[in-house]
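All remarks here apply to the structure that follows.
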Amino acid sequence: MSEDVSKPSNFIRTIIDQDIDSGKHDGRVHTRFPPEPNGYLHIGHAKSICLNFGIARDYSGQCNLRFDDTNPSKEDVEYVDSIQEDVRWLGFDWEDRLFYASNYFDKLHGFAVELIKQGKAYVCGLNAEQMREYRGTLTEPGKNSPARDHSVEDNLDLFARMRKGEFEDGAYLLRAKIDMAHPNMNMRDPALYRIRKGAVHHQTGVQWSIYPMYDFTHPISDAMEGITHSLCTLEFEDHRPLYDWVLDQLPELSHPQQIEFSRLSLQYTVMSKRKLTELVAGNFVSGWDDPRMPSITGLRRRGYTPTSIREFCDRIGITKSGNTIEMGVLENCIREDLNANAPRAMAVLNPLKVVIENFPEGDAETLPAANHPQNESMGTRDIVLTREVYIDKNDFLEVAPNKKFKRLVSGGEVRLRNAYVIRCNEMIKDDAGEIIELRCTYDPDTLGKNPEDRKVKGVIHWVSANHSHEVEVRLYDRLFSDPMPEANKEVEDFKDLLNPQSLEILTGCRVENSLANAPAGARFQFEREGYFCVDPVDSTAESLVFNRTVTLRDSWAKIEAQAKQGK
RNA sequence: UGGGGUAUGGCCAAGCGGUUAAGGCACAGGGUUUUGAUCCCUGCAUCCCAGGUUCGAACCCUGGUACCCCAGCCA
């Protein structure tokens, strides 16, 4: 219908518009998403993926997937596989343009030799500690390496021997010859190639004993692929002069434009790969796909849809300013998608037995229930009412706490969703005084209509005792108890900020029979509770496990909380 | 007392010298409702500060202030 959903404008699109107007890059737009395969993708990467692929799509351009695989000691095929799966799942297609920086190792090496010949690079024998000393500090200039003025011949020879594996790691380094007094630290003769003699690279094996650095690899890889706009996060802003320097030395290459934007941070979680890896390695979560993780695979298992994540990325925008997004924005995106598309069902998380005394023993009344209250095309399903049903413990209180309470109370009435109005006549308690059963009666004249002589304002969900299915339900909450765990200075280890209540496992929950054969990943709204999906990992046909993706908006909870605070 | 950035309502974010300063989330009221859901109305900012230029400034200039990033042979 309303297709005027114009993509939000942002400063990068503004730049691209200008470039197209001025005929830069012949009006082409070509981007790339360049992950290093050293971890799983997270929602922050999704921001970059949506940006790069989204721009390519909107400008009739192309977007490449390129693995930035220049550091064999940290990378693994496990990650190259998961990254492709996640990008595809998000709904993007790189077609035949899957590349690796390692595809360019030969060319990169050739360019390095070219720089040496030009006198723009040299082999340096300083060790790591000396390098640090020679580099200077933020406020003091560095000093030249003793090797800085060695002859081209010597440099060529040494570089060739580095390549042949004649030296141990750290013995030599190929450095750019720029300016040791440059105010930008990145320009103080940065490393171009380092020795990694025994390393086994996931793509190239053992054929290389030297590996190029990011600052040398990235601009050249971009140029090789005809990238026009090289989008990256803010911390690379200081590297742009080096990006440009490298390409300026190699005029035969095209010169893409690097543009930086700010990375995503989300409240109550962490986004650094190092910290996420730490959570996985230390078993603080069950894995990269733990539904509490901000990883794409975790969000997927939690029940998030690709659509909801893309929508989220659109809503948060692209700027250069620091930002921390509230969880509510992400949650709202998935609620919106699932509200429109998830079929409804009834599930009782904390069962309380109800016996409907005037409902004949052994009888079973089949009732139709809409799968979606606003969308008839989603059809109906049958639910079964019997003498014994379960309602949620939270939907019954001996006495109403206030006039706003509209669930069941002793002596009161409430409607069973999709069925009749019942009245609670009696409570049965155990020795500890806990209510274990309710004795009720139902009003047969209230199916599909309200009683005429009185008002019944509450509606609660329920399931038949013997036409329901026992399942496990996992309730997830924010991973951290601090909205900004990475900024908290009061704690030495961010893991001390983990929310101990981030996972609550409920067993003995009951879902209506229509869910008995729900396939892995299937999503539902459990009415009055939230959106849930069948866990794709631990759920089996015999014992279903549901993950709570997100709760419904709950204005009652808000009222309760305010009442508590007011008292 | 180095360099690079950023500052628009609680959180994001449009805006590019003339606008009643978009929109979303949140929040506060109200309406519909067999989900306290959804949906629908309504309300909610003079733009970090101080000067200046201009008939006119969130947008231009000057000077401040705050915060972020950089001293890996990581990316």
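Chain labels run A, B, ... following the order of the structure tokens; each chain numbers its residues from 1, and ligands are numbered from 1 in the order shown.
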### Task
Identify, with DSSP run on backbone atoms, the residues in segment 447-542 of chain A assigned to helix (DSSP H, G or I), and express the list as a VMD selection string.
chain A and resid 494 to 497 513 to 515
Taking all heavy atoms for each residue, export the selection above as an mmCIF file, in the first residue's frame.
data_model
loop_
_atom_site.group_PDB
_atom_site.id
_atom_site.type_symbol
_atom_site.label_atom_id
_atom_site.label_comp_id
_atom_site.auth_asym_id
_atom_site.auth_seq_id
_atom_site.Cartn_x
_atom_site.Cartn_y
_atom_site.Cartn_z
ATOM 1 N N PHE A 494 34.080 -6.622 33.542
ATOM 2 C CA PHE A 494 32.716 -6.373 33.035
ATOM 3 C C PHE A 494 31.778 -7.538 33.316
ATOM 4 O O PHE A 494 30.575 -7.372 33.407
ATOM 5 C CB PHE A 494 32.768 -6.069 31.533
ATOM 6 C CG PHE A 494 32.918 -7.284 30.664
ATOM 7 C CD1 PHE A 494 31.816 -7.814 29.999
ATOM 8 C CD2 PHE A 494 34.138 -7.912 30.510
ATOM 9 C CE1 PHE A 494 31.939 -8.945 29.196
ATOM 10 C CE2 PHE A 494 34.278 -9.047 29.721
ATOM 11 C CZ PHE A 494 33.174 -9.565 29.068
ATOM 12 N N LYS A 495 32.329 -8.717 33.491
ATOM 13 C CA LYS A 495 31.484 -9.884 33.733
ATOM 14 C C LYS A 495 30.804 -9.844 35.100
ATOM 15 O O LYS A 495 29.829 -10.528 35.333
ATOM 16 C CB LYS A 495 32.311 -11.171 33.585
ATOM 17 C CG LYS A 495 32.876 -11.350 32.169
ATOM 18 C CD LYS A 495 33.388 -12.738 31.884
ATOM 19 C CE LYS A 495 34.644 -13.138 32.650
ATOM 20 N NZ LYS A 495 35.728 -12.148 32.652
ATOM 21 N N ASP A 496 31.335 -8.988 35.979
ATOM 22 C CA ASP A 496 30.670 -8.823 37.274
ATOM 23 C C ASP A 496 29.335 -8.108 37.119
ATOM 24 O O ASP A 496 28.541 -8.067 38.055
ATOM 25 C CB ASP A 496 31.564 -8.006 38.227
ATOM 26 C CG ASP A 496 32.825 -8.782 38.593
ATOM 27 O OD1 ASP A 496 32.844 -10.012 38.384
ATOM 28 O OD2 ASP A 496 33.784 -8.151 39.063
ATOM 29 N N LEU A 497 29.113 -7.545 35.950
ATOM 30 C CA LEU A 497 27.880 -6.812 35.709
ATOM 31 C C LEU A 497 26.810 -7.669 35.039
ATOM 32 O O LEU A 497 25.721 -7.191 34.715
ATOM 33 C CB LEU A 497 28.192 -5.600 34.810
ATOM 34 C CG LEU A 497 28.504 -4.224 35.413
ATOM 35 C CD1 LEU A 497 28.722 -4.242 36.905
ATOM 36 C CD2 LEU A 497 29.648 -3.578 34.686
ATOM 37 N N ASN A 513 -3.007 -27.760 22.416
ATOM 38 C CA ASN A 513 -2.604 -28.860 21.540
ATOM 39 C C ASN A 513 -2.200 -28.471 20.126
ATOM 40 O O ASN A 513 -1.422 -29.165 19.486
ATOM 41 C CB ASN A 513 -3.715 -29.899 21.474
ATOM 42 C CG ASN A 513 -3.529 -30.955 22.550
ATOM 43 O OD1 ASN A 513 -4.415 -31.740 22.820
ATOM 44 N ND2 ASN A 513 -2.370 -30.954 23.189
ATOM 45 N N SER A 514 -2.708 -27.363 19.651
ATOM 46 C CA SER A 514 -2.371 -26.998 18.272
ATOM 47 C C SER A 514 -0.870 -26.756 18.110
ATOM 48 O O SER A 514 -0.353 -26.725 16.999
ATOM 49 C CB SER A 514 -3.142 -25.740 17.853
ATOM 50 O OG SER A 514 -2.634 -24.609 18.537
ATOM 51 N N LEU A 515 -0.166 -26.585 19.228
ATOM 52 C CA LEU A 515 1.268 -26.318 19.158
ATOM 53 C C LEU A 515 2.116 -27.583 19.260
ATOM 54 O O LEU A 515 3.342 -27.531 19.143
ATOM 55 C CB LEU A 515 1.662 -25.373 20.299
ATOM 56 C CG LEU A 515 1.763 -23.887 19.975
ATOM 57 C CD1 LEU A 515 0.611 -23.444 19.116
ATOM 58 C CD2 LEU A 515 1.841 -23.052 21.238
#
Chain B residues within 9 Å of chain A, counting only C-alpha atoms (C1' of nucleotides): which ones, as a short mmCIF file (atom, residue, chain, number, x, y, z; two decimals) with N, CA and C atoms (P, O5', C5', C4', C3', O3' and C1' of nucleotides), in the first residue's frame?
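Everything below was put into iface13.cif:
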data_model
loop_
_atom_site.label_atom_id
_atom_site.label_comp_id
_atom_site.auth_asym_id
_atom_site.auth_seq_id
_atom_site.Cartn_x
_atom_site.Cartn_y
_atom_site.Cartn_z
P U B 1 46.19 22.52 26.74
"O5'" U B 1 47.54 23.13 26.24
"C5'" U B 1 48.08 23.44 24.96
"C4'" U B 1 49.51 22.95 24.91
"C3'" U B 1 49.62 21.45 24.76
"O3'" U B 1 49.59 21.09 23.39
"C1'" U B 1 51.01 22.13 26.55
P G B 2 48.56 19.98 22.90
"O5'" G B 2 49.50 19.04 22.03
"C5'" G B 2 50.35 19.58 21.00
"C4'" G B 2 50.49 18.54 19.92
"C3'" G B 2 49.24 18.31 19.08
"O3'" G B 2 49.13 19.24 18.03
"C1'" G B 2 50.06 16.23 19.82
P G B 3 47.70 19.64 17.47
"O5'" G B 3 47.25 18.30 16.73
"C5'" G B 3 47.95 17.86 15.58
"C4'" G B 3 47.41 16.54 15.13
"C3'" G B 3 45.91 16.50 14.88
"O3'" G B 3 45.56 17.06 13.62
"C1'" G B 3 46.53 14.61 16.14
P G B 4 44.14 17.71 13.45
"O5'" G B 4 43.21 16.42 13.43
"C5'" G B 4 43.49 15.37 12.50
"C4'" G B 4 42.56 14.23 12.78
"C3'" G B 4 41.09 14.61 12.86
"O3'" G B 4 40.55 14.74 11.55
"C1'" G B 4 41.62 13.18 14.66
P G B 5 39.20 15.59 11.39
"O5'" G B 5 38.19 14.65 12.17
"C5'" G B 5 37.03 15.19 12.72
"C4'" G B 5 36.35 14.10 13.50
"C3'" G B 5 35.05 14.52 14.11
"O3'" G B 5 34.03 14.35 13.14
"C1'" G B 5 36.37 13.53 15.78
P U B 6 32.96 15.53 12.97
"O5'" U B 6 32.07 15.27 14.27
"C5'" U B 6 31.47 14.00 14.47
"C4'" U B 6 30.86 13.96 15.85
"C3'" U B 6 29.98 15.12 16.20
"O3'" U B 6 28.70 14.97 15.61
"C1'" U B 6 31.39 14.65 18.01
P A B 7 27.59 16.11 15.86
"O5'" A B 7 27.16 15.81 17.37
"C5'" A B 7 25.99 16.39 17.92
"C4'" A B 7 26.26 16.66 19.38
"C3'" A B 7 25.46 17.84 19.90
"O3'" A B 7 24.62 17.40 20.97
"C1'" A B 7 27.77 18.04 20.46
P C B 11 19.43 11.43 26.75
"O5'" C B 11 18.90 10.13 26.00
"C5'" C B 11 19.32 8.84 26.42
"C4'" C B 11 19.02 7.84 25.33
"C3'" C B 11 19.55 8.24 23.96
"O3'" C B 11 20.92 7.90 23.83
"C1'" C B 11 17.31 7.53 23.75
P C B 12 21.78 8.58 22.69
"O5'" C B 12 21.18 7.90 21.39
"C5'" C B 12 21.14 8.59 20.17
"C4'" C B 12 20.38 7.77 19.18
"C3'" C B 12 20.31 8.38 17.80
"O3'" C B 12 21.46 8.06 17.05
"C1'" C B 12 18.14 7.81 18.47
P A B 13 22.24 9.23 16.29
"O5'" A B 13 21.11 9.82 15.32
"C5'" A B 13 20.42 8.95 14.42
"C4'" A B 13 19.29 9.72 13.77
"C3'" A B 13 19.72 11.02 13.12
"O3'" A B 13 20.26 10.74 11.83
"C1'" A B 13 17.72 11.34 14.37
P A B 14 20.77 11.95 10.89
"O5'" A B 14 19.38 12.42 10.28
"C5'" A B 14 19.36 13.49 9.42
"C4'" A B 14 17.94 13.78 9.04
"C3'" A B 14 17.79 15.14 8.40
"O3'" A B 14 18.05 15.03 7.02
"C1'" A B 14 16.16 14.88 10.08
P G B 24 6.32 9.26 14.31
"O5'" G B 24 7.40 8.18 14.74
"C5'" G B 24 7.66 7.07 13.89
"C4'" G B 24 8.83 6.30 14.44
"C3'" G B 24 8.71 5.93 15.91
"O3'" G B 24 7.93 4.77 16.10
"C1'" G B 24 10.85 6.81 15.49
P C B 25 7.07 4.62 17.43
"O5'" C B 25 8.18 4.39 18.54
"C5'" C B 25 8.98 3.21 18.52
"C4'" C B 25 10.05 3.31 19.57
"C3'" C B 25 9.57 3.58 20.99
"O3'" C B 25 9.09 2.41 21.62
"C1'" C B 25 11.41 4.95 20.53
P A B 26 7.91 2.55 22.71
"O5'" A B 26 8.54 3.50 23.83
"C5'" A B 26 9.59 3.02 24.67
"C4'" A B 26 10.00 4.11 25.62
"C3'" A B 26 8.89 4.72 26.45
"O3'" A B 26 8.63 3.92 27.59
"C1'" A B 26 10.21 6.45 25.55
P U B 34 -14.93 -6.63 23.08
"O5'" U B 34 -14.32 -7.96 23.71
"C5'" U B 34 -13.51 -7.87 24.88
"C4'" U B 34 -12.73 -9.14 24.98
"C3'" U B 34 -11.89 -9.41 23.74
"O3'" U B 34 -10.55 -9.50 24.16
"C1'" U B 34 -13.12 -11.34 24.43
P U B 35 -9.53 -8.38 24.00
"O5'" U B 35 -8.20 -9.12 24.44
"C5'" U B 35 -8.25 -10.09 25.50
"C4'" U B 35 -6.82 -10.34 25.91
"C3'" U B 35 -6.09 -9.05 26.27
"O3'" U B 35 -5.45 -9.27 27.51
"C1'" U B 35 -4.93 -10.26 24.56
P G B 36 -5.76 -8.31 28.72
"O5'" G B 36 -5.93 -6.77 28.28
"C5'" G B 36 -5.01 -6.04 27.61
"C4'" G B 36 -4.73 -4.80 28.44
"C3'" G B 36 -3.25 -4.48 28.41
"O3'" G B 36 -3.11 -3.11 28.09
"C1'" G B 36 -4.06 -4.69 30.65
P A B 37 -2.59 -2.60 26.75
"O5'" A B 37 -2.11 -3.82 25.83
"C5'" A B 37 -0.81 -4.36 26.00
"C4'" A B 37 -0.49 -5.23 24.80
"C3'" A B 37 -0.57 -4.53 23.46
"O3'" A B 37 0.63 -3.84 23.16
"C1'" A B 37 -1.73 -6.58 23.35
P U B 38 0.57 -2.49 22.38
"O5'" U B 38 -0.18 -2.87 21.02
"C5'" U B 38 0.45 -3.74 20.08
"C4'" U B 38 -0.53 -4.05 18.96
"C3'" U B 38 -1.05 -2.83 18.21
"O3'" U B 38 -0.12 -2.44 17.21
"C1'" U B 38 -2.85 -4.26 18.75
P C B 67 34.74 15.44 30.21
"O5'" C B 67 34.29 14.45 29.05
"C5'" C B 67 33.11 13.66 29.21
"C4'" C B 67 32.70 13.11 27.87
"C3'" C B 67 33.74 12.27 27.15
"O3'" C B 67 33.77 10.95 27.62
"C1'" C B 67 32.77 13.80 25.64
P C B 68 35.14 10.09 27.49
"O5'" C B 68 35.13 9.66 25.95
"C5'" C B 68 34.10 8.81 25.46
"C4'" C B 68 34.28 8.62 23.97
"C3'" C B 68 35.65 8.16 23.54
"O3'" C B 68 35.80 6.76 23.69
"C1'" C B 68 34.96 9.94 22.16
P C B 69 37.26 6.15 23.97
"O5'" C B 69 37.97 6.27 22.54
"C5'" C B 69 37.45 5.54 21.44
"C4'" C B 69 38.26 5.85 20.21
"C3'" C B 69 39.77 5.72 20.38
"O3'" C B 69 40.19 4.37 20.24
"C1'" C B 69 39.29 7.75 19.31
P C B 70 41.49 3.89 21.03
"O5'" C B 70 42.65 4.56 20.20
"C5'" C B 70 42.93 4.13 18.87
"C4'" C B 70 44.09 4.92 18.32
"C3'" C B 70 45.34 4.91 19.18
"O3'" C B 70 46.12 3.75 18.88
"C1'" C B 70 44.87 7.12 18.47
P A B 71 46.78 2.90 20.06
"O5'" A B 71 48.19 3.61 20.20
"C5'" A B 71 49.11 3.59 19.11
"C4'" A B 71 50.48 3.94 19.60
"C3'" A B 71 50.98 3.11 20.77
"O3'" A B 71 51.59 1.93 20.29
"C1'" A B 71 51.34 5.40 21.21
P C B 73 53.26 -2.26 16.26
"O5'" C B 73 53.60 -3.42 15.23
"C5'" C B 73 52.71 -3.75 14.17
"C4'" C B 73 52.94 -5.20 13.80
"C3'" C B 73 52.41 -6.15 14.85
"O3'" C B 73 51.59 -7.07 14.17
"C1'" C B 73 54.70 -6.60 14.34
P C B 74 50.48 -7.96 14.91
"O5'" C B 74 49.38 -6.85 15.19
"C5'" C B 74 48.49 -6.46 14.20
"C4'" C B 74 47.14 -7.08 14.48
"C3'" C B 74 46.05 -6.71 13.50
"O3'" C B 74 46.13 -7.54 12.36
"C1'" C B 74 45.26 -6.54 15.73
P A B 75 45.95 -6.89 10.92
"O5'" A B 75 44.38 -6.60 10.87
"C5'" A B 75 43.44 -7.67 10.99
"C4'" A B 75 42.10 -7.07 11.30
"C3'" A B 75 41.63 -6.00 10.33
"O3'" A B 75 40.99 -6.55 9.20
"C1'" A B 75 41.39 -5.20 12.54
#
### Message
For segment 382-388 of chain A, find every residue with an atom within 8 Å (counting only C-alpha atoms (C1' of nucleotides)), except residues of its own chain fewer than 2 positions away, and show them as a count of residues only.
### Response
28
### Message
Residues within 9 Å of segment 44-50 of chain B, please, as number ranges by chain. Count only C-alpha atoms (C1' of nucleotides); anything in the same chain fewer than 5 positions from it doesn't count.
### Response
B: 7-9, 21, 27-28, 58, 63-66
Selection export as a CSV table (one decimal), in the first residue's frame, atoms kept: N, CA, C and O atoms (P, O5', C5', C4', C3', O3' and C1' of nucleotides):
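As a result, result-v4.csv now contains:
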chain,number,residue,atom,x,y,z
B,7,A,P,27.6,16.1,15.9
B,7,A,O5',27.2,15.8,17.4
B,7,A,C5',26.0,16.4,17.9
B,7,A,C4',26.3,16.7,19.4
B,7,A,C3',25.5,17.8,19.9
B,7,A,O3',24.6,17.4,21.0
B,7,A,C1',27.8,18.0,20.5
B,8,U,P,23.3,16.4,20.6
B,8,U,O5',22.4,17.5,19.9
B,8,U,C5',22.1,18.7,20.6
B,8,U,C4',20.8,19.3,20.1
B,8,U,C3',19.6,18.3,20.3
B,8,U,O3',19.1,18.4,21.6
B,8,U,C1',19.5,19.2,18.1
B,9,G,P,18.9,17.2,22.6
B,9,G,O5',17.5,17.2,23.2
B,9,G,C5',17.3,17.3,24.7
B,9,G,C4',15.8,17.3,25.0
B,9,G,C3',15.3,15.9,25.4
B,9,G,O3',15.1,15.9,26.8
B,9,G,C1',14.0,16.9,23.7
B,21,A,P,9.6,26.5,14.6
B,21,A,O5',9.4,25.1,13.9
B,21,A,C5',10.2,24.8,12.8
B,21,A,C4',11.1,23.6,13.1
B,21,A,C3',10.5,22.5,13.9
B,21,A,O3',9.6,21.7,13.1
B,21,A,C1',12.7,22.8,14.5
B,27,C,P,7.2,3.9,28.2
B,27,C,O5',6.9,5.4,28.7
B,27,C,C5',7.8,5.9,29.7
B,27,C,C4',7.4,7.4,29.9
B,27,C,C3',6.0,7.7,30.1
B,27,C,O3',5.5,7.5,31.4
B,27,C,C1',6.9,9.2,28.5
B,28,A,P,4.0,7.0,31.7
B,28,A,O5',3.2,8.3,31.5
B,28,A,C5',3.5,9.5,32.3
B,28,A,C4',2.6,10.6,31.8
B,28,A,C3',1.1,10.1,31.6
B,28,A,O3',0.4,10.0,32.9
B,28,A,C1',1.8,11.5,29.8
B,58,A,P,18.2,29.8,15.1
B,58,A,O5',19.2,28.5,15.2
B,58,A,C5',19.8,28.1,16.4
B,58,A,C4',20.7,26.9,16.2
B,58,A,C3',21.6,27.0,15.0
B,58,A,O3',22.8,27.6,15.5
B,58,A,C1',20.4,25.0,14.8
B,63,G,P,39.4,31.2,17.2
B,63,G,O5',38.9,31.3,18.7
B,63,G,C5',39.3,32.5,19.5
B,63,G,C4',38.6,32.5,20.8
B,63,G,C3',38.6,31.1,21.6
B,63,G,O3',39.8,30.9,22.2
B,63,G,C1',36.4,32.1,21.6
B,64,G,P,40.0,29.5,22.9
B,64,G,O5',39.1,29.5,24.1
B,64,G,C5',38.6,28.3,24.6
B,64,G,C4',37.5,28.6,25.6
B,64,G,C3',37.0,27.3,26.2
B,64,G,O3',37.7,27.1,27.4
B,64,G,C1',35.2,28.5,25.2
B,65,U,P,38.3,25.6,27.6
B,65,U,O5',37.0,24.8,28.0
B,65,U,C5',36.2,25.2,29.1
B,65,U,C4',34.9,24.5,29.1
B,65,U,C3',35.0,23.0,28.9
B,65,U,O3',35.3,22.3,30.1
B,65,U,C1',33.3,23.8,27.5
B,66,A,P,36.1,20.9,30.1
B,66,A,O5',35.0,19.9,29.6
B,66,A,C5',33.8,19.7,30.5
B,66,A,C4',32.9,18.8,29.7
B,66,A,C3',33.5,17.5,29.2
B,66,A,O3',33.6,16.5,30.2
B,66,A,C1',32.2,18.5,27.5
Residues of segment 441-553 of chain A in strand (DSSP E), written as a compact mmCIF listing (two decimals) with C-alpha atoms, in the first residue's frame:
# COMPACT_ATOMS: atom_id res chain seq x y z
CA THR A 441 -18.68 -22.43 37.52
CA TYR A 442 -19.16 -21.15 34.02
CA ASP A 443 -22.00 -19.20 32.51
CA VAL A 459 -10.08 -11.82 30.01
CA ILE A 460 -7.50 -14.45 30.81
CA TRP A 462 -6.11 -20.88 29.68
CA VAL A 463 -5.61 -24.40 28.36
CA SER A 464 -7.55 -27.58 28.85
CA SER A 468 -2.70 -29.44 26.29
CA HIS A 469 0.94 -30.25 26.03
CA GLU A 470 3.66 -29.92 28.62
CA VAL A 471 6.64 -27.87 27.47
CA GLU A 472 9.69 -26.06 28.74
CA VAL A 473 9.80 -22.30 28.40
CA ARG A 474 12.90 -20.15 28.65
CA LEU A 475 12.45 -16.58 29.69
CA TYR A 476 15.24 -14.24 28.69
CA LEU A 503 17.66 -16.65 32.01
CA GLU A 504 14.74 -18.22 33.81
CA ILE A 505 13.80 -21.77 32.87
CA LEU A 506 10.20 -22.77 33.39
CA THR A 507 9.22 -26.42 33.24
CA GLY A 508 5.76 -27.91 33.45
CA CYS A 509 4.31 -25.15 31.29
CA ARG A 510 1.31 -26.09 29.19
CA VAL A 511 0.49 -25.08 25.64
CA GLU A 512 -2.67 -25.74 23.69
CA ARG A 523 7.07 -18.21 16.13
CA PHE A 524 3.88 -17.51 18.06
CA GLN A 525 2.34 -14.94 20.23
CA PHE A 526 1.32 -16.58 23.48
CA GLY A 530 4.70 -12.38 24.66
CA TYR A 531 6.28 -13.75 21.52
CA PHE A 532 7.89 -17.15 21.64
CA CYS A 533 9.65 -19.45 19.21
CA VAL A 534 10.47 -23.12 19.21
CA VAL A 545 11.28 -25.93 24.28
CA PHE A 546 10.08 -22.39 23.67
CA ASN A 547 12.24 -19.29 23.85
CA ARG A 548 10.64 -16.02 24.79
CA THR A 549 11.71 -13.56 22.14
CA VAL A 550 10.18 -10.54 23.81
CA THR A 551 7.31 -9.79 26.14
### Message
With only C-alpha atoms (C1' of nucleotides) as the counted atoms, please give the residues lying no more than 12 Å from G30 of chain B, apart from itself and same-chain residues fewer than 2 positions off, as an MDAnalysis selection string.
### Response
chainID B and resid 28 32 40:43
### Neighbour list for Arg263 of chain A as a PyMOL selection string, cut-off 7 Å, only C-alpha atoms (C1' of nucleotides), skip fewer than 2 positions in-chain
chain A and resi 44+233+261+265
